[in-house]
Amino acid sequence: MNERISPIVTGSTAARQIERPPPEPLASATGFLLSWNGRRAASEFAKALEPLGLRPPQFGLLTLIAVNPGKTQQQLVTDSLIDPSSMVAAIDELEELGLAERRRHPSDRRKHAVHLTAKGKRTLNRAREAASGMAEELLAPLSERERETLRRLLRKLAGVES
């Protein structure tokens, strides 16, 4: 594919493209708007986590571990968007940062149970605050009722019961 017309936008070009609303007729295309807002939210989320030294996938993994302490790496693969070949490295990173630890699984010595450390719990709480603030800014144009409607509709599109 010709690089000048590549459909994937990265780096500073992407950041510039989400600084202002999309032009018509793109602003009337539902699929484009979902994608544009998703990119915008992802970019803002990454910026909100940056001061904590976290990236969005790490936030997601910390969140899953916090809700399900002691899950195995394989169980975390099933619940996350992280592929099996990357999960070991992802947990290694969390361990290196002092945010998570592997422990012997209580019923299967071949497996490891993953837990948050005290630092991991504190960092996750700070990351949740940052994420909440970012979401508040992002959703500021919407009323509380509109936010709830949006949440319900997005869950419906994702196939999650409301």
# chains A, B, ... in the order shown; residues from 1 in each chain; ligands from 1
>>> residues_around(residues="Thr63 in chain A", least_positions_apart="6", cutoff="10 Å", atoms="only C-alpha atoms", output="PyMOL selection string")
chain A and resi 57+69+116+120-121+124-125+127-128
>>> write_last_selection(atoms="C-alpha atoms", output="short mmCIF file (atom, residue, chain, number, x, y, z; two decimals), in the first residue's frame")
data_model
loop_
_atom_site.label_atom_id
_atom_site.label_comp_id
_atom_site.auth_asym_id
_atom_site.auth_seq_id
_atom_site.Cartn_x
_atom_site.Cartn_y
_atom_site.Cartn_z
CA PRO A 57 -2.84 -1.96 28.99
CA PRO A 69 -6.54 -11.48 43.13
CA LEU A 116 -1.14 -6.67 43.44
CA GLY A 120 0.24 -1.67 43.02
CA LYS A 121 -2.96 -0.97 44.96
CA LEU A 124 -4.12 1.72 40.77
CA ASN A 125 -6.13 4.02 43.05
CA ALA A 127 -4.66 5.79 38.13
CA ARG A 128 -8.41 5.39 38.69
#
>>> atom_distance(atom1="CA of Gly53 in chain A", atom2="CA of Leu97 in chain A")
9.0 Å
>>> residues_around(residues="range 143-151 of chain A", least_positions_apart="4", cutoff="12 Å", atoms="only C-alpha atoms", output="list of chain:residue names")
A:Leu34, A:Ala135, A:Glu136, A:Leu138, A:Leu139, A:Arg155, A:Lys156, A:Leu157, A:Ala158, A:Val160, A:Glu161, A:Ser162
>>> closest_residue(among="A:Gln75, A:Ser28, A:Ala48, A:Glu101", to="Ala118 in chain A", atoms="only C-alpha atoms")
A:Glu101
>>> closest_residue(among="A:Leu33, A:Ala131, A:Ala27, A:Leu62", to="Glu93 in chain A", atoms="only C-alpha atoms")
A:Leu62
>>> closest_residue(among="A:Leu76, A:Leu94, A:Ala41, A:Leu26", to="Phe59 in chain A", atoms="only C-alpha atoms")
A:Leu94
>>> residues_around(residues="Ala90 in chain A", least_positions_apart="5", cutoff="12 Å", atoms="only C-alpha atoms", output="short mmCIF file (atom, residue, chain, number, x, y, z; two decimals) with N, CA and C atoms, in the first residue's frame")
data_model
loop_
_atom_site.label_atom_id
_atom_site.label_comp_id
_atom_site.auth_asym_id
_atom_site.auth_seq_id
_atom_site.Cartn_x
_atom_site.Cartn_y
_atom_site.Cartn_z
N LEU A 54 2.41 4.67 33.89
CA LEU A 54 1.59 3.54 33.40
C LEU A 54 1.12 3.78 31.98
N ARG A 55 0.85 2.67 31.30
CA ARG A 55 0.21 2.71 29.98
C ARG A 55 -1.17 2.06 30.13
N PRO A 56 -2.10 2.37 29.23
CA PRO A 56 -3.45 1.80 29.34
C PRO A 56 -3.51 0.29 29.51
N PRO A 57 -2.73 -0.51 28.77
CA PRO A 57 -2.84 -1.96 28.99
C PRO A 57 -2.44 -2.36 30.42
N GLN A 58 -1.47 -1.65 31.00
CA GLN A 58 -1.07 -1.95 32.37
C GLN A 58 -2.20 -1.61 33.34
N PHE A 59 -2.88 -0.49 33.09
CA PHE A 59 -4.03 -0.11 33.91
C PHE A 59 -5.09 -1.20 33.86
N GLY A 60 -5.39 -1.69 32.67
CA GLY A 60 -6.39 -2.75 32.52
C GLY A 60 -6.00 -4.00 33.26
N LEU A 61 -4.74 -4.38 33.15
CA LEU A 61 -4.27 -5.60 33.82
C LEU A 61 -4.29 -5.42 35.34
N LEU A 62 -3.86 -4.26 35.83
CA LEU A 62 -3.93 -3.99 37.27
C LEU A 62 -5.37 -4.06 37.77
N GLN A 73 -2.01 -16.50 35.22
CA GLN A 73 -1.71 -15.75 34.00
C GLN A 73 -2.67 -16.14 32.88
N LEU A 76 -5.99 -14.54 33.31
CA LEU A 76 -5.91 -13.12 32.96
C LEU A 76 -5.92 -12.92 31.45
N VAL A 77 -5.29 -13.84 30.71
CA VAL A 77 -5.33 -13.78 29.24
C VAL A 77 -6.77 -13.85 28.76
N SER A 80 -8.59 -10.52 29.48
CA SER A 80 -8.02 -9.27 29.00
C SER A 80 -7.93 -9.24 27.47
N LEU A 81 -7.41 -8.12 26.98
CA LEU A 81 -7.16 -7.99 25.54
C LEU A 81 -5.68 -8.25 25.25
N ILE A 82 -4.99 -8.88 26.18
CA ILE A 82 -3.57 -9.17 26.02
C ILE A 82 -3.42 -10.60 25.52
N ASP A 83 -2.67 -10.77 24.44
CA ASP A 83 -2.53 -12.12 23.87
C ASP A 83 -1.59 -12.94 24.75
N PRO A 84 -1.75 -14.27 24.70
CA PRO A 84 -0.96 -15.15 25.57
C PRO A 84 0.55 -14.94 25.47
N SER A 85 1.03 -14.67 24.26
CA SER A 85 2.48 -14.51 24.09
C SER A 85 3.00 -13.23 24.74
N GLU A 95 5.80 -6.56 37.68
CA GLU A 95 6.68 -6.98 38.78
C GLU A 95 7.89 -6.06 38.88
N GLU A 96 8.49 -5.72 37.74
CA GLU A 96 9.65 -4.83 37.74
C GLU A 96 9.30 -3.46 38.32
N LEU A 97 8.07 -3.01 38.10
CA LEU A 97 7.61 -1.73 38.64
C LEU A 97 7.20 -1.85 40.11
N LEU A 99 4.51 -3.42 41.16
CA LEU A 99 3.06 -3.26 41.24
C LEU A 99 2.32 -4.59 41.40
N ALA A 100 2.94 -5.68 41.00
CA ALA A 100 2.29 -7.00 41.09
C ALA A 100 3.35 -8.03 41.43
N GLU A 101 2.87 -9.18 41.88
CA GLU A 101 3.79 -10.27 42.18
C GLU A 101 3.13 -11.60 41.87
N VAL A 114 -1.42 -14.37 40.48
CA VAL A 114 -0.93 -13.00 40.38
C VAL A 114 -1.71 -12.11 41.35
#
>>> atom_distance(atom1="CA of Ala113 in chain A", atom2="CA of Asp92 in chain A")
13.2 Å
>>> select_by_dssp(residues="range 24-109 of chain A", states="strand (DSSP E or B)", output="list in words")
Lys71, Thr72, Ala100, Glu101, Arg102, Arg103 and Arg104 of chain A
>>> atom_distance(atom1="CA of Asp79 in chain A", atom2="CA of Ile65 in chain A")
10.2 Å
>>> closest_residue(among="A:Ile91, A:Leu64, A:Lys47, A:Lys71", to="His105 in chain A", atoms="only C-alpha atoms")
A:Lys71
>>> closest_residue(among="A:Thr78, A:Ser86, A:Thr123, A:Thr72", to="Arg109 in chain A", atoms="only C-alpha atoms")
A:Thr72
